[in-house]
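J.: The file below is structure27.cif, mmCIF, C-alpha atoms:
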data_run
#
loop_
_atom_site.label_atom_id
_atom_site.label_comp_id
_atom_site.auth_asym_id
_atom_site.auth_seq_id
_atom_site.Cartn_x
_atom_site.Cartn_y
_atom_site.Cartn_z
CA MET A 245 95.42 100.95 92.39
CA THR A 246 92.03 102.16 93.55
CA SER A 247 88.88 100.50 92.36
CA PRO A 248 85.32 101.69 92.94
CA MET A 249 84.13 98.10 93.18
CA PRO A 250 82.73 97.16 96.57
CA ALA A 251 84.69 94.56 98.44
CA PRO A 252 82.33 91.56 98.63
CA GLU A 253 82.21 91.22 94.87
CA THR A 254 85.90 91.77 94.50
CA VAL A 255 87.86 89.76 96.97
CA GLY A 256 88.22 86.64 98.97
CA THR A 257 84.80 85.03 98.87
CA ASP A 258 86.24 81.51 98.86
CA SER A 259 89.24 82.02 101.12
CA PRO A 260 89.56 79.19 103.63
CA HIS A 261 90.79 81.33 106.50
CA ARG A 262 88.63 84.10 107.97
CA VAL A 263 88.81 86.39 110.97
CA GLU A 264 86.19 89.00 111.77
CA LEU A 265 86.57 91.96 114.07
CA ALA A 266 83.94 94.54 115.00
CA LEU A 267 84.87 97.69 116.85
CA GLU A 268 83.71 101.17 117.63
CA ALA A 269 84.77 103.76 115.03
CA ASP A 270 87.13 105.43 117.43
CA ALA A 271 90.80 106.17 116.79
CA GLN A 272 91.66 104.89 120.26
CA MET A 273 90.35 101.45 119.34
CA LEU A 274 92.36 101.08 116.18
CA PHE A 275 95.18 99.27 117.92
CA LEU A 276 92.85 96.25 117.90
CA ALA A 277 92.59 96.45 114.12
CA ARG A 278 96.35 96.85 113.73
CA MET A 279 97.13 93.95 116.03
CA THR A 280 94.61 91.70 114.35
CA GLY A 281 96.02 92.61 110.96
CA ALA A 282 99.54 91.87 112.12
CA ALA A 283 98.49 88.56 113.67
CA VAL A 284 96.67 87.49 110.52
CA ALA A 285 99.60 88.45 108.32
CA ALA A 286 101.93 86.46 110.56
CA ARG A 287 99.59 83.47 110.35
CA ALA A 288 99.59 83.82 106.57
CA ASP A 289 103.40 83.61 106.77
CA PHE A 290 104.09 87.14 105.57
CA ASP A 291 107.53 88.50 106.38
CA PHE A 292 108.18 91.16 108.98
CA GLU A 293 108.27 94.01 106.50
CA GLN A 294 104.92 93.06 105.00
CA VAL A 295 103.45 92.64 108.47
CA GLU A 296 104.49 96.19 109.26
CA ASP A 297 103.07 97.43 105.97
CA LEU A 298 99.77 95.68 106.60
CA ARG A 299 99.59 97.18 110.07
CA LEU A 300 99.89 100.64 108.51
CA ALA A 301 97.44 99.79 105.73
CA VAL A 302 94.75 98.53 108.09
CA ASP A 303 95.14 101.69 110.13
CA GLU A 304 94.80 103.74 106.96
CA LEU A 305 91.73 101.79 105.82
CA CYS A 306 89.96 102.42 109.13
CA ILE A 307 90.90 106.10 109.25
CA ARG A 308 89.66 106.44 105.68
CA LEU A 309 86.34 104.83 106.57
CA MET A 310 85.96 107.04 109.61
CA SER A 311 86.83 110.19 107.66
CA THR A 312 84.55 109.52 104.73
CA GLY A 313 81.77 108.24 106.95
CA GLY A 314 81.74 111.14 109.37
CA GLY A 315 80.08 110.95 112.75
CA THR A 316 80.25 107.75 114.72
CA GLY A 317 79.43 104.14 114.07
CA ARG A 318 80.88 100.66 114.01
CA ILE A 319 83.59 99.24 111.85
CA THR A 320 83.58 95.59 110.86
CA LEU A 321 86.79 94.17 109.48
CA LEU A 322 86.94 90.87 107.66
CA PHE A 323 90.36 89.33 107.13
CA GLN A 324 90.55 86.49 104.64
CA TRP A 325 93.58 84.68 103.31
CA ASN A 326 94.40 81.55 101.40
CA ASP A 327 97.29 79.16 101.27
CA GLU A 328 98.64 80.81 98.14
CA GLY A 329 99.49 83.89 100.18
CA ILE A 330 96.69 86.27 99.12
CA LEU A 331 95.31 88.26 102.02
CA ASP A 332 92.23 90.47 101.74
CA VAL A 333 90.91 92.94 104.28
CA THR A 334 87.40 94.28 103.89
CA GLY A 335 86.25 97.11 106.11
CA THR A 336 82.67 98.29 106.54
CA LEU A 337 81.53 101.32 108.48
CA VAL A 338 77.88 101.61 109.37
CA PRO A 339 77.26 105.11 110.76
CA ASP A 340 74.92 105.28 113.72
CA GLY A 341 73.61 108.65 112.61
CA SER A 342 74.85 110.64 115.56
CA PRO A 343 77.12 113.62 114.94
CA SER A 344 80.81 113.44 115.70
CA THR A 345 81.78 114.47 119.18
CA ASP A 346 83.45 117.66 118.02
CA GLY A 347 80.27 118.79 116.30
CA HIS A 348 81.87 118.97 112.85
CA ASP A 349 80.85 117.07 109.77
CA ARG A 350 84.00 115.12 109.00
CA ARG A 351 82.91 113.59 105.72
CA LEU A 352 85.44 114.23 103.03
CA SER A 353 84.96 114.75 99.34
CA PRO A 354 86.89 112.36 97.09
CA ALA A 355 89.19 115.22 96.11
CA ALA A 356 90.04 116.25 99.67
CA PRO A 357 93.79 116.41 100.36
CA SER A 358 93.44 113.80 103.05
CA VAL A 359 91.92 111.38 100.55
CA GLU A 360 94.79 112.04 98.15
CA LEU A 361 97.20 111.21 100.90
CA SER A 362 95.31 108.07 101.79
CA GLU A 363 95.31 106.91 98.19
CA ARG A 364 99.04 107.45 97.94
CA ILE A 365 99.72 105.58 101.14
CA LEU A 366 97.63 102.56 100.21
CA ASP A 367 99.11 102.52 96.69
CA ALA A 368 102.53 102.09 98.27
CA LEU A 369 101.58 99.61 100.98
CA VAL A 370 99.33 97.06 99.28
CA ASP A 371 98.89 95.42 95.91
CA ASP A 372 95.34 96.60 95.35
CA HIS A 373 92.68 98.55 97.18
CA GLY A 374 89.33 100.18 96.65
CA GLY A 375 86.15 101.33 98.24
CA ASP A 376 82.65 102.60 97.78
CA THR A 377 79.59 103.88 99.57
CA ILE A 378 76.29 102.15 99.00
CA GLY A 379 73.14 103.02 100.86
CA GLY A 380 74.99 105.00 103.48
CA VAL A 381 77.31 102.10 104.28
CA HIS A 382 80.99 102.83 103.62
CA LYS A 383 83.21 100.02 102.43
CA GLY A 384 86.88 99.74 101.74
CA TRP A 385 89.12 96.84 100.94
CA LEU A 386 92.72 96.04 100.33
CA ARG A 387 94.68 93.08 99.06
CA MET A 388 98.22 92.03 99.73
CA ARG A 389 100.15 89.14 98.24
CA ARG A 390 102.84 87.29 100.15
CA ARG A 391 106.25 88.15 98.81
CA GLU A 392 108.32 85.40 97.27
CA ARG A 393 111.37 84.43 99.30
CA SER A 394 114.26 84.23 96.91
CA ALA A 395 117.08 83.90 99.43
CA SER A 396 117.51 82.09 102.69
CA MET B 201 140.37 131.52 130.07
CA PHE B 202 140.25 127.86 129.02
CA VAL B 203 144.00 127.87 128.54
CA GLU B 204 144.31 129.29 132.04
CA LEU B 205 141.89 126.68 133.42
CA ALA B 206 143.79 123.88 131.71
CA ARG B 207 147.02 125.17 133.18
CA THR B 208 145.89 125.92 136.75
CA GLY B 209 142.69 123.91 137.32
CA ASP B 210 141.37 126.89 139.24
CA ALA B 211 137.93 126.01 140.73
CA GLY B 212 136.76 129.62 140.71
CA LEU B 213 137.62 130.00 137.05
CA ARG B 214 135.85 126.72 136.29
CA SER B 215 132.66 127.97 138.00
CA GLU B 216 132.88 131.24 136.14
CA LEU B 217 133.12 129.47 132.79
CA ILE B 218 130.22 127.18 133.65
CA GLU B 219 128.01 130.09 134.67
CA ALA B 220 128.96 132.01 131.56
CA HIS B 221 127.56 129.24 129.36
CA ILE B 222 124.39 128.32 131.22
CA GLY B 223 122.56 130.58 128.79
CA LEU B 224 123.59 128.25 125.97
CA ALA B 225 122.17 125.32 127.93
CA GLU B 226 118.87 127.14 128.41
CA HIS B 227 118.73 128.07 124.75
CA LEU B 228 119.28 124.51 123.56
CA ALA B 229 116.93 123.02 126.16
CA ARG B 230 114.17 125.25 124.82
CA ARG B 231 114.39 123.42 121.49
CA PHE B 232 113.21 120.21 123.15
CA VAL B 233 110.53 121.69 125.37
CA TYR B 234 107.52 120.44 123.42
CA ARG B 235 108.49 116.80 123.70
CA GLY B 236 106.92 115.93 126.99
CA GLU B 237 109.61 116.91 129.45
CA SER B 238 109.51 119.96 131.68
CA TYR B 239 111.73 122.88 130.77
CA ASP B 240 113.39 122.83 134.19
CA ASP B 241 114.33 119.17 133.82
CA LEU B 242 115.77 119.82 130.38
CA VAL B 243 117.78 122.80 131.62
CA GLN B 244 119.16 120.59 134.36
CA VAL B 245 120.26 117.96 131.85
CA ALA B 246 121.75 120.64 129.61
CA SER B 247 123.52 122.34 132.52
CA ILE B 248 125.20 119.11 133.54
CA ALA B 249 126.34 118.82 129.93
CA VAL B 250 127.88 122.30 130.19
CA ILE B 251 129.89 121.16 133.20
CA LYS B 252 131.09 118.12 131.26
CA ALA B 253 131.96 120.31 128.31
CA VAL B 254 133.98 122.73 130.44
CA ASP B 255 135.86 119.85 132.05
CA ARG B 256 136.56 118.05 128.77
CA PHE B 257 137.31 120.98 126.49
CA ASP B 258 140.80 121.04 125.05
CA PRO B 259 141.69 124.57 123.87
CA ASP B 260 144.61 123.18 121.86
CA ARG B 261 142.35 121.40 119.40
CA GLY B 262 141.41 124.61 117.60
CA VAL B 263 137.65 124.27 118.07
CA GLU B 264 135.52 127.03 119.54
CA PHE B 265 134.18 126.15 122.97
CA THR B 266 130.61 127.01 121.98
CA THR B 267 130.81 124.52 119.10
CA PHE B 268 132.12 121.81 121.38
CA ALA B 269 129.61 122.65 124.10
CA THR B 270 126.66 122.70 121.69
CA THR B 271 127.52 119.21 120.47
CA THR B 272 127.92 117.97 124.04
CA ILE B 273 124.66 119.51 125.24
CA LEU B 274 122.62 118.23 122.30
CA GLY B 275 124.11 114.80 122.80
CA GLU B 276 123.10 114.75 126.45
CA LEU B 277 119.59 116.00 125.69
CA LYS B 278 119.14 113.33 123.03
CA ARG B 279 120.45 110.64 125.36
CA HIS B 280 117.99 111.86 127.98
CA PHE B 281 115.08 111.35 125.57
CA ARG B 282 116.43 108.02 124.43
CA ASP B 283 116.63 106.78 128.01
CA LYS B 284 113.15 108.06 128.80
CA GLY B 285 111.75 107.32 125.38
CA TRP B 286 108.63 105.34 126.15
CA ALA B 287 105.75 107.75 125.62
CA ILE B 288 103.28 105.25 127.01
CA ARG B 289 104.35 103.02 129.86
CA ALA B 290 104.72 99.61 128.28
CA PRO B 291 105.57 96.62 130.46
CA ARG B 292 109.29 96.28 130.89
CA ARG B 293 109.33 92.84 129.27
CA LEU B 294 107.80 94.36 126.12
CA GLN B 295 110.26 97.25 126.11
CA GLU B 296 113.14 94.80 126.37
CA LEU B 297 111.69 92.48 123.75
CA TYR B 298 111.12 95.39 121.38
CA LEU B 299 114.73 96.46 121.68
CA HIS B 300 115.82 92.83 121.28
CA LEU B 301 113.68 92.53 118.15
CA ASN B 302 115.39 95.54 116.68
CA GLN B 303 118.67 93.66 116.77
CA SER B 304 117.07 90.42 115.68
CA VAL B 305 115.46 91.94 112.58
CA ALA B 306 118.79 93.40 111.55
CA SER B 307 120.82 90.25 112.09
CA LEU B 308 118.26 87.88 110.55
CA SER B 309 117.78 90.14 107.53
CA GLN B 310 121.50 90.00 106.93
CA GLU B 311 121.75 86.29 107.55
CA LEU B 312 118.72 85.30 105.47
CA ARG B 313 119.15 88.08 102.92
CA ARG B 314 115.42 88.80 103.17
CA SER B 315 112.99 90.14 105.75
CA PRO B 316 112.39 87.51 108.47
CA THR B 317 108.96 86.15 109.31
CA ILE B 318 107.34 86.65 112.69
CA ALA B 319 107.90 82.96 113.45
CA GLU B 320 111.61 83.33 112.73
CA LEU B 321 111.80 86.39 114.95
CA ALA B 322 110.07 84.51 117.75
CA ALA B 323 112.51 81.62 117.43
CA ASP B 324 115.49 83.95 117.35
CA THR B 325 114.40 85.88 120.43
CA GLY B 326 113.22 82.82 122.34
CA THR B 327 109.64 84.08 122.55
CA THR B 328 106.29 83.34 120.93
CA GLU B 329 104.77 84.91 117.84
CA GLU B 330 102.11 86.44 120.05
CA GLN B 331 104.73 88.11 122.20
CA VAL B 332 106.55 89.42 119.14
CA LEU B 333 103.34 90.95 117.76
CA GLU B 334 102.51 92.44 121.13
CA ALA B 335 105.97 94.00 121.41
CA LEU B 336 105.79 95.40 117.88
CA GLU B 337 102.50 97.15 118.64
CA ALA B 338 103.82 98.42 121.98
CA GLY B 339 106.92 99.63 120.17
CA GLN B 340 104.89 102.17 118.25
CA SER B 341 104.49 104.09 121.48
CA TYR B 342 108.24 104.35 121.75
CA ARG B 343 109.24 107.96 121.31
CA SER B 344 112.90 108.10 120.61
CA THR B 345 115.26 110.85 119.63
CA SER B 346 114.80 109.63 116.10
CA LEU B 347 111.75 111.84 116.03
CA ASP B 348 113.96 114.84 116.61
CA SER B 349 116.24 116.48 114.14
CA ALA B 350 117.92 118.92 116.44
CA GLY B 351 121.41 117.55 116.16
CA PRO B 352 124.08 119.14 114.02
CA ASP B 353 124.88 115.69 112.68
CA GLU B 354 121.54 115.66 110.92
CA GLN B 355 121.89 118.99 109.22
CA GLY B 356 121.83 118.68 105.46
CA LEU B 357 120.11 115.31 105.60
CA GLY B 358 117.31 116.58 103.41
CA SER B 359 119.72 117.64 100.73
CA ARG B 360 121.50 114.32 100.91
CA LEU B 361 118.23 112.50 100.42
CA GLY B 362 117.03 114.82 97.72
CA VAL B 363 114.14 116.37 99.61
CA GLU B 364 115.12 119.80 98.49
CA ALA B 365 115.98 118.72 95.00
CA GLU B 366 113.80 119.78 92.13
CA GLY B 367 110.49 117.96 92.36
CA MET B 368 109.38 115.26 94.74
CA GLY B 369 108.48 112.79 92.06
CA VAL B 370 104.79 113.58 92.00
CA ALA B 371 103.75 117.21 91.72
CA GLU B 372 100.37 116.81 93.31
CA TRP B 373 101.88 115.05 96.28
CA ARG B 374 103.97 118.10 96.91
CA THR B 375 101.15 120.56 96.28
CA VAL B 376 98.75 118.76 98.54
CA LEU B 377 101.10 117.95 101.34
CA GLU B 378 103.57 120.79 101.34
CA PRO B 379 101.91 122.87 104.07
CA HIS B 380 101.44 119.79 106.24
CA LEU B 381 104.88 118.35 105.66
CA GLN B 382 106.44 121.48 107.08
CA ALA B 383 105.27 120.35 110.50
CA LEU B 384 107.54 117.31 110.26
CA PRO B 385 111.27 117.12 110.83
CA GLU B 386 113.33 116.99 107.66
CA ARG B 387 114.15 113.33 108.08
CA GLU B 388 110.53 112.29 108.39
CA GLN B 389 109.65 114.28 105.28
CA ALA B 390 112.38 112.42 103.46
CA ILE B 391 111.21 109.02 104.69
CA LEU B 392 107.62 109.71 103.64
CA ARG B 393 108.77 110.68 100.19
CA LEU B 394 111.01 107.64 99.84
CA ARG B 395 108.23 105.28 100.95
CA PHE B 396 105.14 106.77 99.34
CA VAL B 397 106.51 108.58 96.27
CA ASP B 398 109.64 106.68 95.35
CA GLY B 399 108.18 103.36 96.49
CA LEU B 400 111.19 102.15 98.45
CA THR B 401 110.60 99.43 101.03
CA GLN B 402 111.26 100.03 104.70
CA SER B 403 114.47 98.05 104.56
CA GLU B 404 115.68 99.94 101.50
CA ILE B 405 114.99 103.24 103.26
CA ALA B 406 116.73 101.96 106.36
CA ALA B 407 119.82 101.11 104.34
CA GLN B 408 119.81 104.45 102.56
CA ILE B 409 119.42 106.54 105.69
CA GLY B 410 121.45 104.41 108.03
CA LEU B 411 118.70 103.47 110.48
CA SER B 412 117.24 100.13 111.47
CA GLN B 413 114.14 98.90 109.66
CA MET B 414 112.12 99.04 112.86
CA HIS B 415 113.24 102.60 113.37
CA VAL B 416 111.98 103.50 109.90
CA SER B 417 108.69 101.76 110.65
CA ARG B 418 108.26 103.77 113.83
CA LEU B 419 109.05 107.03 112.04
CA LEU B 420 106.51 106.23 109.33
CA VAL B 421 103.81 105.61 111.91
CA HIS B 422 104.66 108.82 113.70
CA SER B 423 104.78 110.87 110.49
CA LEU B 424 101.46 109.58 109.22
CA LYS B 425 99.83 110.22 112.56
CA THR B 426 101.14 113.79 112.56
CA LEU B 427 99.89 114.33 109.02
CA ARG B 428 96.46 112.97 109.86
CA GLU B 429 96.25 115.24 112.84
CA SER B 430 97.27 118.10 110.59
CA PHE B 431 94.48 117.20 108.19
CA GLY B 432 92.05 116.89 111.07
CA ASP B 433 91.43 113.18 110.46
CA LEU B 434 92.38 112.30 114.00
CA ASP B 435 91.22 114.06 117.08
CA GLU B 436 92.46 111.55 119.60
CA GLU B 437 95.63 109.70 120.34
CA SER B 438 95.50 106.40 118.55
#
Using structure tokens, write down the structure from this file.

T.:
Amino acid sequence: MTSPMPAPETVGTDSPHRVELALEADAQMLFLARMTGAAVAARADFDFEQVEDLRLAVDELCIRLMSTGGGTGRITLLFQWNDEGILDVTGTLVPDGSPSTDGHDRRLSPAAPSVELSERILDALVDDHGGDTIGGVHKGWLRMRRRERSAS
Amino acid sequence: MFVELARTGDAGLRSELIEAHIGLAEHLARRFVYRGESYDDLVQVASIAVIKAVDRFDPDRGVEFTTFATTTILGELKRHFRDKGWAIRAPRRLQELYLHLNQSVASLSQELRRSPTIAELAADTGTTEEQVLEALEAGQSYRSTSLDSAGPDEQGLGSRLGVEAEGMGVAEWRTVLEPHLQALPEREQAILRLRFVDGLTQSEIAAQIGLSQMHVSRLLVHSLKTLRESFGDLDEES
């Protein structure tokens, strides 16, 4: 479910566990985001399948930020989780104002097919997600809850 | 001629039959040419498969030689990609651990009747959580034959999974993605639909299609990357 609410007001402000990662908005650097997401999910005791889903979701969040932001910049990811098994990821892209290396404006309208795809993917992977752009800063967030373990 | 070869074992006749079917090897090798291997190497693999097919063919079984040879050649080509499947050179220990994890996920899922945690996988494989996570990330660079759908055994998979059935669940999904989905093999189209339209989990998809959960995960990553490239969201390898 997508929400237009920006992340800081929506998720995880009192979570006891926090990890922050800042990286260049470059597809080649996204493995750092995926690995951090997977490591955090493992630390939050998520199962393998949810770890894999979160890895995909974090990738999607970053790609979405990069696509809607256009150009280049820096992405900051904040991972927060609590002992009840709620994990939030907040991503922020601050564009540096320079054009993208291919010379094209890559900002996407909310109705662009790629955005539709992204929405669909995040709907399937996480429990909740949203995003917004305020003052030229692009934000996106997602939330995942640890699955109950019924059998062992 | 095959009856004659089976009866006499004539070396000249054997060579003649092999040469007569090298064209089939070249034709089938061409289907794999965009997957990172040189055409000449693929023809060599396929040609060796022709030799095996000629030597193993039993004319009494009522199967056309070309049918038998096609299956043999495709099998050898797929095996070739499976054996050389690491698109990016990952350390051998990670390759081995990744393959070990594949088995571990399957066995633990069955034993526990749920998806295992990373800690449980580490314990089962005698490694650390950090090593498991590292291997899982490295595993996404593994390019296996699963990404291909060239084999006759996979024909009709789409129909079996309902890809070609009326509607994909969400009309706009189809409208938006249809032109881009065409770039994907039938099986990957099906997996995307099962995961993102039907809402099945990776393990449910794995059970339905007959693959391992990690295999499904890898196919999802590959499919999404291909789609993003198709949309122009990604310019670089990620």

J.: Can you translate the PyMOL selection byres ((chain A and resi 305) around 9) into the concrete residues it hits in this file, as an MDAnalysis selection string?

T.: chainID A and resid 300:304 306:310 334:335 362 366 384:386

J.: Can you give me, as a ChimeraX atom specification, the residues this file yields under the PyMOL selection byres ((chain B and resi 334) around 12)?

T.: /A:275-276,278-280,282-283 /B:290-291,293-295,297-298,301,318,322,327-333,335-341

J.: Select all residues from chain A having any atom no more than 9 Å from an atom of chain B (counting all atoms listed in the file, ignoring ligands), output as a count of residues only.

T.: 42

J.: Mind giving me the straight-line distance from atom CA of Thr320 of chain A to atom CA of Val359 of chain A in Å, one decimal?

T.: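 These two atoms are separated by 20.6 Å.
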
J.: What residues come out when you apply the PyMOL selection byres ((chain B and resi 271) around 12) to this file, written as number ranges by chain?

T.: B: 224-225, 228, 246, 249-250, 252-253, 257, 263-270, 272-278, 350-354

J.: Quick one: residues within 9 Å of Asp327 of chain A, all atoms listed in the file counted, chain neighbours fewer than 2 positions away excluded, as a PyMOL selection string?

T.: chain A and resi 259-261+288+325+329-330

J.: If you keep C-alpha atoms, can you produce a file of those selected residues as a PDB file, in the frame of the given file?

T.:
ATOM      1  CA  SER A 259      89.240  82.020 101.120  1.00  0.00           C
ATOM      2  CA  PRO A 260      89.560  79.190 103.630  1.00  0.00           C
ATOM      3  CA  HIS A 261      90.790  81.330 106.500  1.00  0.00           C
ATOM      4  CA  ALA A 288      99.590  83.820 106.570  1.00  0.00           C
ATOM      5  CA  TRP A 325      93.580  84.680 103.310  1.00  0.00           C
ATOM      6  CA  GLY A 329      99.490  83.890 100.180  1.00  0.00           C
ATOM      7  CA  ILE A 330      96.690  86.270  99.120  1.00  0.00           C
TER       8      ILE A 330
END

J.: Can you fill out segment 363-391 of chain A with N, CA and C atoms and hand it back as a short mmCIF file (atom, residue, chain, number, x, y, z; two decimals), in the frame of the given file?

T.:
data_model
loop_
_atom_site.label_atom_id
_atom_site.label_comp_id
_atom_site.auth_asym_id
_atom_site.auth_seq_id
_atom_site.Cartn_x
_atom_site.Cartn_y
_atom_site.Cartn_z
N GLU A 363 95.13 107.67 99.42
CA GLU A 363 95.31 106.91 98.19
C GLU A 363 96.79 106.58 97.97
N ARG A 364 97.60 107.60 98.16
CA ARG A 364 99.04 107.45 97.94
C ARG A 364 99.63 106.42 98.90
N ILE A 365 99.19 106.50 100.13
CA ILE A 365 99.72 105.58 101.14
C ILE A 365 99.34 104.14 100.81
N LEU A 366 98.06 103.93 100.50
CA LEU A 366 97.63 102.56 100.21
C LEU A 366 98.25 102.05 98.91
N ASP A 367 98.43 102.94 97.93
CA ASP A 367 99.11 102.52 96.69
C ASP A 367 100.48 101.91 97.00
N ALA A 368 101.17 102.54 97.96
CA ALA A 368 102.53 102.09 98.27
C ALA A 368 102.55 100.84 99.15
N LEU A 369 101.52 100.67 99.98
CA LEU A 369 101.58 99.61 100.98
C LEU A 369 101.02 98.27 100.49
N VAL A 370 100.00 98.32 99.64
CA VAL A 370 99.33 97.06 99.28
C VAL A 370 99.30 96.89 97.77
N ASP A 371 98.91 95.69 97.34
CA ASP A 371 98.89 95.42 95.91
C ASP A 371 97.66 96.01 95.23
N ASP A 372 96.57 96.09 95.95
CA ASP A 372 95.34 96.60 95.35
C ASP A 372 94.43 97.09 96.47
N HIS A 373 93.62 98.06 96.17
CA HIS A 373 92.68 98.55 97.18
C HIS A 373 91.55 99.30 96.51
N GLY A 374 90.46 99.46 97.21
CA GLY A 374 89.33 100.18 96.65
C GLY A 374 88.29 100.44 97.71
N GLY A 375 87.20 101.03 97.28
CA GLY A 375 86.15 101.33 98.24
C GLY A 375 84.96 101.97 97.58
N ASP A 376 83.87 102.02 98.33
CA ASP A 376 82.65 102.60 97.78
C ASP A 376 81.68 102.87 98.91
N THR A 377 80.66 103.64 98.60
CA THR A 377 79.59 103.88 99.57
C THR A 377 78.27 103.52 98.93
N ILE A 378 77.57 102.59 99.55
CA ILE A 378 76.29 102.15 99.00
C ILE A 378 75.25 102.20 100.11
N GLY A 379 74.23 102.94 99.88
CA GLY A 379 73.14 103.02 100.86
C GLY A 379 73.58 103.53 102.21
N GLY A 380 74.53 104.43 102.21
CA GLY A 380 74.99 105.00 103.48
C GLY A 380 75.99 104.15 104.22
N VAL A 381 76.31 102.97 103.67
CA VAL A 381 77.31 102.10 104.28
C VAL A 381 78.63 102.26 103.52
N HIS A 382 79.68 102.57 104.25
CA HIS A 382 80.99 102.83 103.62
C HIS A 382 81.83 101.56 103.66
N LYS A 383 82.38 101.22 102.51
CA LYS A 383 83.21 100.02 102.43
C LYS A 383 84.57 100.35 101.84
N GLY A 384 85.55 99.63 102.31
CA GLY A 384 86.88 99.74 101.74
C GLY A 384 87.55 98.39 101.82
N TRP A 385 88.43 98.13 100.91
CA TRP A 385 89.12 96.84 100.94
C TRP A 385 90.55 97.00 100.46
N LEU A 386 91.34 96.06 100.82
CA LEU A 386 92.72 96.04 100.33
C LEU A 386 93.19 94.60 100.19
N ARG A 387 94.14 94.42 99.33
CA ARG A 387 94.68 93.08 99.06
C ARG A 387 96.19 93.13 99.08
N MET A 388 96.76 92.13 99.70
CA MET A 388 98.22 92.03 99.73
C MET A 388 98.62 90.59 99.40
N ARG A 389 99.65 90.48 98.60
CA ARG A 389 100.15 89.14 98.24
C ARG A 389 101.46 88.87 98.96
N ARG A 390 101.59 87.67 99.46
CA ARG A 390 102.84 87.29 100.15
C ARG A 390 104.01 87.36 99.17
N ARG A 391 105.07 87.97 99.64
CA ARG A 391 106.25 88.15 98.81
C ARG A 391 107.02 86.83 98.68
#
